[in-house]
Each structure stands twice: as C-alpha cells, then as structure tokens.
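Asker: Questions regarding the structure given below will be posed in turn.
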Amino acid sequence: MYIASEERYQQMEYMRLGKSGVLLPRLALGLWHNFGSIDSFENMKELLFTAFDAGINHMDLANNYGPVYGSAEENFGRIISGELRAYRDELFISTKAGYDMWPGPYGDHGSRKYLMASIDQSLRRMQLDYVDVFYHHRPDPDTPLEETMGALSDIVRQGKALYVGLSNYNSAQLQAAAEILRENGTPLLITQPRYNMLDRHVERDGLLETARDVGAGVICFSPLEQGILTDKYLKGIPADSRAARNFYLPTDSITKDKVETVHKLNDLARRRGQSLAQMALAWVLRDGMVTTALIGASRKEQILDNVKILENMTFTADELQYIDDVVTGK
C-alpha cells in the first residue's frame, strides 16, 4: 500500500501559472513514453510514486499516448483509482486531443465532434470525473478556430475540465485563440511548446512573450531533446535508447555535429557541478519565462536526478554566452 512522503512539498519549488491561481511544480512528469501497453506496470507505479514523493504533482497525458493508443491513460487510470485515489485533489492532471486517435474523419484534428468524444473517452480510460487541464494538442488549419475554442470552452462549462490548454500553437495562433477563449469566459491557462537548448524556435517566434501577454503559463516538452541533452549518446547509441528503437527519434538524427555540440555542453555542465540533463533543465527554467519543464523517465533514478536542478538554477552571463556559441557553432 502506497503512502506518500510527508515531506513531498519540502524539496520542490512551485511557480504561479500565468495570471491564474494555480501553482505548478518546476518539473512535471509526462507519460508520453514508458506508460503504454508494452511497458512494465510496476515500473509505472514506481515512476509515479517517486515523482509525487518529490513534489511533482503535475502529470501530463494525451489520448493517444501508448502504444497502443489510449493505453497510457488506461494504465494511469488503474493507478489513480487505486494507490493514488486518496491524493486526487493534490494532483494536477492534464490530457490532450488533436492527433490521430481512431479511424475515420472524426478521430483526428480539431473539430467539435472529435474533441467532445475525446474528453469523454479520456475520462473513462482514466476513471476520472474531470481533468484539471484539457489541451488541444495541435492547431488545425482546416477547422475554424472558433469551433475548436468553443468546444474547449464548453468542456470546461460541463465540468469535464477545469482549465483550457493549447499545445504546439505558434505565437500568432496562440494570440488569436486566447482572444476567443477570453470572450468565451474561459481564459487560456497554459501553453505547451517544444523548447530546449537545441530547439529554440519559440524564441524566434516570440511565443514566450505572447504567452506572458495573454496571461498564460508555459510548460515545455522535450526539454532534453528526447535524451540527446543527456550523457546517453556521448559514446554511441545505447541498445535500450529511443534512437536505437527508432521510436520518435531516428538514429540519423544523432549526427556527428550534434554529438560534438553535446560534448561541449557536457563540459560546461561538469564545470557547474551538474549532469548535462540537470543543466539543460535548469537552462529552460532559468529566467521564469517557462513555468515548468515536462520530463519523461524510464527509471525512478532519472526523476531523482532531475529534481536536483533546484540546487543550481542560475547561470552567469558567460555561461549563457558559451551555450549560445556552442549551439550556433561559433
């Protein structure tokens, strides 16, 4: 029988999410990988319990996480309805819809038909009455933005979600969507872009500033570039890595130049007394523009290692310049 640590809120830092009353941990646990039907159920429980004991009370899912589609939500539902049931009101749970989920024209994209069906399916799989945030997972240029945002607003009014989130929207799309949501009386709470030291498109796009201006918080996914910004690939491609399995990370993406860049970044991390993963997470959170970094894990030790970033979150101007020069190849 799992009993949460009484010290779970003493080691984590929390930050206000935009202009809302919600505080999120600086690190959150994503269930994109390692929670599917092919994974160990006992390891899933260990990952969730380790995260919660460390003060990570935000768990992030999507309808098609697996594999197979839906299995991450189903497995999470088994755990949240069991050992974690007593802690539901301490947990901040999100899920998403917007990518391929079921056959036919209504199992993808951003129509009201798809989103309304998706939230009902997700709640059944997770055995929940509501989620804290329901995201549209990606913009859909073929569906009127008013239709998609209207569906999200109605899902909140129906009590199936407490807040609205948007993922993979660029700055202009976010601005337009936030205006509609505000008019609907359901202001945008959070946006979830991809962001890390190697992928800075949100900086060029101005997304972080737009999120701030509309009053939304930011949680970034892939802050470790799916493991590239760790010491995992410094000596080749491990047999148990995502790249070796070609699972969302093709082996040809691990280029010689990229490995050389990671070696140089790792040298700086060592000088800072951190692992590369810790430095990469701290960099994302360095200036407060990003509320939370979304981590994944296959072992509990990775979670415990990541939490240690709270011991050193600051960078000197020289360190930041070094990182910029290394990444840009100067």
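Chain labels A, B, ... are given in the sequence in which chains occur in the structure tokens; within each chain residues are numbered consecutively from 1, and ligands are likewise numbered from 1 in the order shown.
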From stretch 37-239 of chain A, collect each residue whose DSSP state is strand (DSSP E or B) and return the set as a ChimeraX atom specification.
Answerer: /A:58-60,92-97,131-136,161-167,188-192,194,217-221
Asker: Any chance you could tabulate, as CSV, the residues of stretch 154-219 of chain A at most 12 Å from stretch 103-117 of chain A with each one's nearest atom pair and distance in Å to one decimal, using only C-alpha atoms, in chain and rising number order?
Answerer:
residue,atom,partner,partner_atom,distance
A:Asp154,CA,A:Met116,CA,8.9
A:Ile155,CA,A:Met116,CA,7.3
A:Val156,CA,A:Met116,CA,11.0
A:Gln158,CA,A:Met116,CA,10.6
A:Lys160,CA,A:Met116,CA,9.9
A:Ala161,CA,A:Met116,CA,11.5
A:Leu166,CA,A:Gly110,CA,11.5
Asker: Can you spit out the residues from that selection as a short mmCIF file (atom, residue, chain, number, x, y, z; two decimals), in the first residue's frame, using C-alpha atoms?
Answerer:
data_model
loop_
_atom_site.label_atom_id
_atom_site.label_comp_id
_atom_site.auth_asym_id
_atom_site.auth_seq_id
_atom_site.Cartn_x
_atom_site.Cartn_y
_atom_site.Cartn_z
CA ASP A 154 -17.91 24.03 -23.40
CA ILE A 155 -15.86 21.16 -21.98
CA VAL A 156 -14.89 23.46 -19.11
CA GLN A 158 -19.61 20.98 -18.49
CA LYS A 160 -15.14 17.81 -17.59
CA ALA A 161 -12.04 20.03 -17.34
CA LEU A 166 -3.06 24.67 -26.10
#
Asker: Would you compute the distance between atom CA of A:Leu29 and atom CA of A:Ala97? Give it in Å to one decimal.
Answerer: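 Atom-to-atom, atom CA of A:Leu29 and atom CA of A:Ala97 are spaced 18.1 Å apart.
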Asker: Can you write out as CSV which residues of stretch 39-103 of chain A fall within 12 Å of stretch 219-227 of chain A, alongside each residue's closest atom pair and its distance in Å to one decimal, counting only C-alpha atoms and ordering rows by chain and ascending residue number?
Answerer:
residue,atom,partner,partner_atom,distance
A:His58,CA,A:Ile219,CA,10.8
A:Met59,CA,A:Ile219,CA,11.8
A:Asp60,CA,A:Phe221,CA,10.1
A:Leu61,CA,A:Phe221,CA,11.6
A:Ser94,CA,A:Ile219,CA,11.7
Asker: Any chance you could export the current selection's C-alpha atoms as a PDB file, in the first residue's frame?
Answerer:
ATOM      1  CA  HIS A  58       1.508  17.506 -12.186  1.00  0.00           C
ATOM      2  CA  MET A  59       1.057  14.536 -14.537  1.00  0.00           C
ATOM      3  CA  ASP A  60       0.640  15.143 -18.274  1.00  0.00           C
ATOM      4  CA  LEU A  61      -1.007  12.739 -20.751  1.00  0.00           C
ATOM      5  CA  SER A  94      -3.848  17.104 -17.935  1.00  0.00           C
TER       6      SER A  94
END
Asker: Considering only C-alpha atoms, can you say which of A:Leu181, A:Leu188, A:Leu285, A:Ala172 comes closest to A:Met149?
Answerer: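 Answer, going by the shortest atom-to-atom distance: A:Leu181.
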Asker: Can you pull out every residue within 9 Å of A:Asp231, counting only C-alpha atoms, but drop anything in the same chain fewer than 2 positions away, and send it as a ChimeraX atom specification?
Answerer: /A:227-229,233-235,262-263,266,275-277
Asker: Go ahead and save the picked residues with N, CA, C and O atoms, as a compact mmCIF listing (two decimals), in the first residue's frame.
Answerer:
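Below you can see again-v4.txt, which holds the result:
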# COMPACT_ATOMS: atom_id res chain seq x y z
N GLY A 227 16.35 13.00 -24.86
CA GLY A 227 17.52 12.28 -24.35
C GLY A 227 18.83 12.70 -24.96
O GLY A 227 19.90 12.32 -24.46
N ILE A 228 18.79 13.49 -26.04
CA ILE A 228 20.03 13.93 -26.66
C ILE A 228 20.82 14.84 -25.71
O ILE A 228 22.05 14.78 -25.65
N LEU A 229 20.09 15.65 -24.94
CA LEU A 229 20.75 16.55 -23.98
C LEU A 229 20.97 15.85 -22.63
O LEU A 229 20.67 16.37 -21.56
N TYR A 233 24.11 9.66 -25.22
CA TYR A 233 24.62 9.43 -26.58
C TYR A 233 26.06 9.91 -26.78
O TYR A 233 26.53 9.99 -27.91
N LEU A 234 26.75 10.20 -25.70
CA LEU A 234 28.12 10.69 -25.83
C LEU A 234 29.08 9.63 -26.34
O LEU A 234 30.11 9.95 -26.95
N LYS A 235 28.78 8.36 -26.12
CA LYS A 235 29.67 7.28 -26.55
C LYS A 235 28.99 6.33 -27.53
O LYS A 235 29.37 5.17 -27.62
N VAL A 262 26.96 18.36 -28.01
CA VAL A 262 26.56 17.84 -26.70
C VAL A 262 27.79 17.62 -25.82
O VAL A 262 27.74 17.87 -24.61
N HIS A 263 28.91 17.19 -26.40
CA HIS A 263 30.15 17.03 -25.63
C HIS A 263 30.57 18.37 -25.03
O HIS A 263 30.96 18.43 -23.84
N ASN A 266 28.30 19.29 -22.28
CA ASN A 266 28.57 18.43 -21.12
C ASN A 266 29.78 18.93 -20.34
O ASN A 266 29.83 18.84 -19.11
N SER A 275 24.94 17.31 -13.93
CA SER A 275 24.87 16.46 -15.12
C SER A 275 24.37 17.32 -16.27
O SER A 275 23.81 18.41 -16.06
N LEU A 276 24.57 16.85 -17.49
CA LEU A 276 24.08 17.60 -18.65
C LEU A 276 22.57 17.74 -18.59
O LEU A 276 22.03 18.81 -18.92
N ALA A 277 21.88 16.68 -18.19
CA ALA A 277 20.42 16.75 -18.10
C ALA A 277 19.99 17.82 -17.10
O ALA A 277 19.06 18.60 -17.36
Asker: Select, from A:Leu91, A:Val133, A:Ile79, A:Ala176, the residue with the minimum atom-to-atom distance to A:Glu146, counting only C-alpha atoms.
Answerer: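 The shortest atom-to-atom distance to A:Glu146 comes from A:Ala176.
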Asker: So the first atom is atom CA of A:Leu123 and the second is atom CA of A:Asn34; what is the distance between them in Å, to one decimal place?
Answerer: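 It comes out at 20.3 Å.
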Asker: Using only C-alpha atoms, can you tell me which of A:Lys300, A:His33, A:Lys308, A:Lys264 comes closest to A:Ala51?
Answerer: A:Lys300
Asker: Considering only C-alpha atoms, return as an mmCIF file with C-alpha atoms, in the first residue's frame whatever protein or nucleic-acid residues lie within 10 Å of stretch 192-200 of chain A, sequence-local ones (same chain, fewer than 6 positions apart) excluded.
Answerer:
data_model
loop_
_atom_site.group_PDB
_atom_site.id
_atom_site.type_symbol
_atom_site.label_atom_id
_atom_site.label_comp_id
_atom_site.auth_asym_id
_atom_site.auth_seq_id
_atom_site.Cartn_x
_atom_site.Cartn_y
_atom_site.Cartn_z
ATOM 1 C CA TYR A 135 -5.472 20.708 -24.293
ATOM 2 C CA HIS A 136 -5.977 20.973 -27.982
ATOM 3 C CA HIS A 137 -2.818 19.112 -28.967
ATOM 4 C CA ARG A 138 -2.063 20.970 -32.214
ATOM 5 C CA GLY A 165 -4.596 24.474 -22.619
ATOM 6 C CA LEU A 166 -3.058 24.670 -26.103
ATOM 7 C CA SER A 167 -0.057 22.729 -27.397
ATOM 8 C CA ASN A 168 2.140 23.304 -30.451
ATOM 9 C CA TYR A 169 0.461 26.629 -31.299
ATOM 10 C CA ASN A 170 2.724 29.369 -32.610
ATOM 11 C CA LEU A 207 5.815 32.626 -28.172
ATOM 12 C CA LEU A 208 7.058 33.038 -24.608
ATOM 13 C CA GLY A 217 1.785 29.954 -18.228
ATOM 14 C CA VAL A 218 4.258 27.868 -20.243
ATOM 15 C CA ILE A 219 5.191 24.226 -19.810
ATOM 16 C CA CYS A 220 7.748 22.966 -22.322
ATOM 17 C CA PHE A 221 8.031 19.439 -23.612
ATOM 18 C CA SER A 222 11.230 17.710 -24.778
ATOM 19 C CA PRO A 223 13.500 19.945 -22.642
ATOM 20 C CA LEU A 224 16.152 17.215 -23.002
ATOM 21 C CA GLU A 225 15.545 16.801 -26.756
ATOM 22 C CA ILE A 228 20.034 13.932 -26.662
ATOM 23 C CA LEU A 229 20.755 16.550 -23.981
ATOM 24 C CA LYS A 258 25.214 17.196 -32.731
ATOM 25 C CA THR A 261 27.844 20.015 -29.529
ATOM 26 C CA VAL A 262 26.563 17.842 -26.702
ATOM 27 C CA LEU A 265 27.707 21.363 -23.362
ATOM 28 C CA MET A 279 21.912 21.829 -16.748
ATOM 29 C CA ALA A 280 19.553 21.511 -19.722
ATOM 30 C CA LEU A 281 16.503 21.580 -17.448
ATOM 31 C CA TRP A 283 18.527 26.410 -18.671
ATOM 32 C CA VAL A 284 14.899 26.078 -19.774
ATOM 33 C CA LEU A 285 13.684 27.409 -16.410
ATOM 34 C CA VAL A 290 8.855 28.953 -18.611
ATOM 35 C CA THR A 292 7.506 24.154 -15.788
ATOM 36 C CA ALA A 293 9.666 21.681 -17.681
ATOM 37 C CA LEU A 294 7.997 18.416 -18.629
ATOM 38 C CA ILE A 323 25.885 27.811 -24.537
ATOM 39 C CA ASP A 324 24.689 30.123 -27.316
ATOM 40 C CA VAL A 326 28.227 26.168 -28.843
ATOM 41 C CA VAL A 327 24.695 25.673 -30.143
ATOM 42 C CA THR A 328 25.143 28.130 -33.037
#
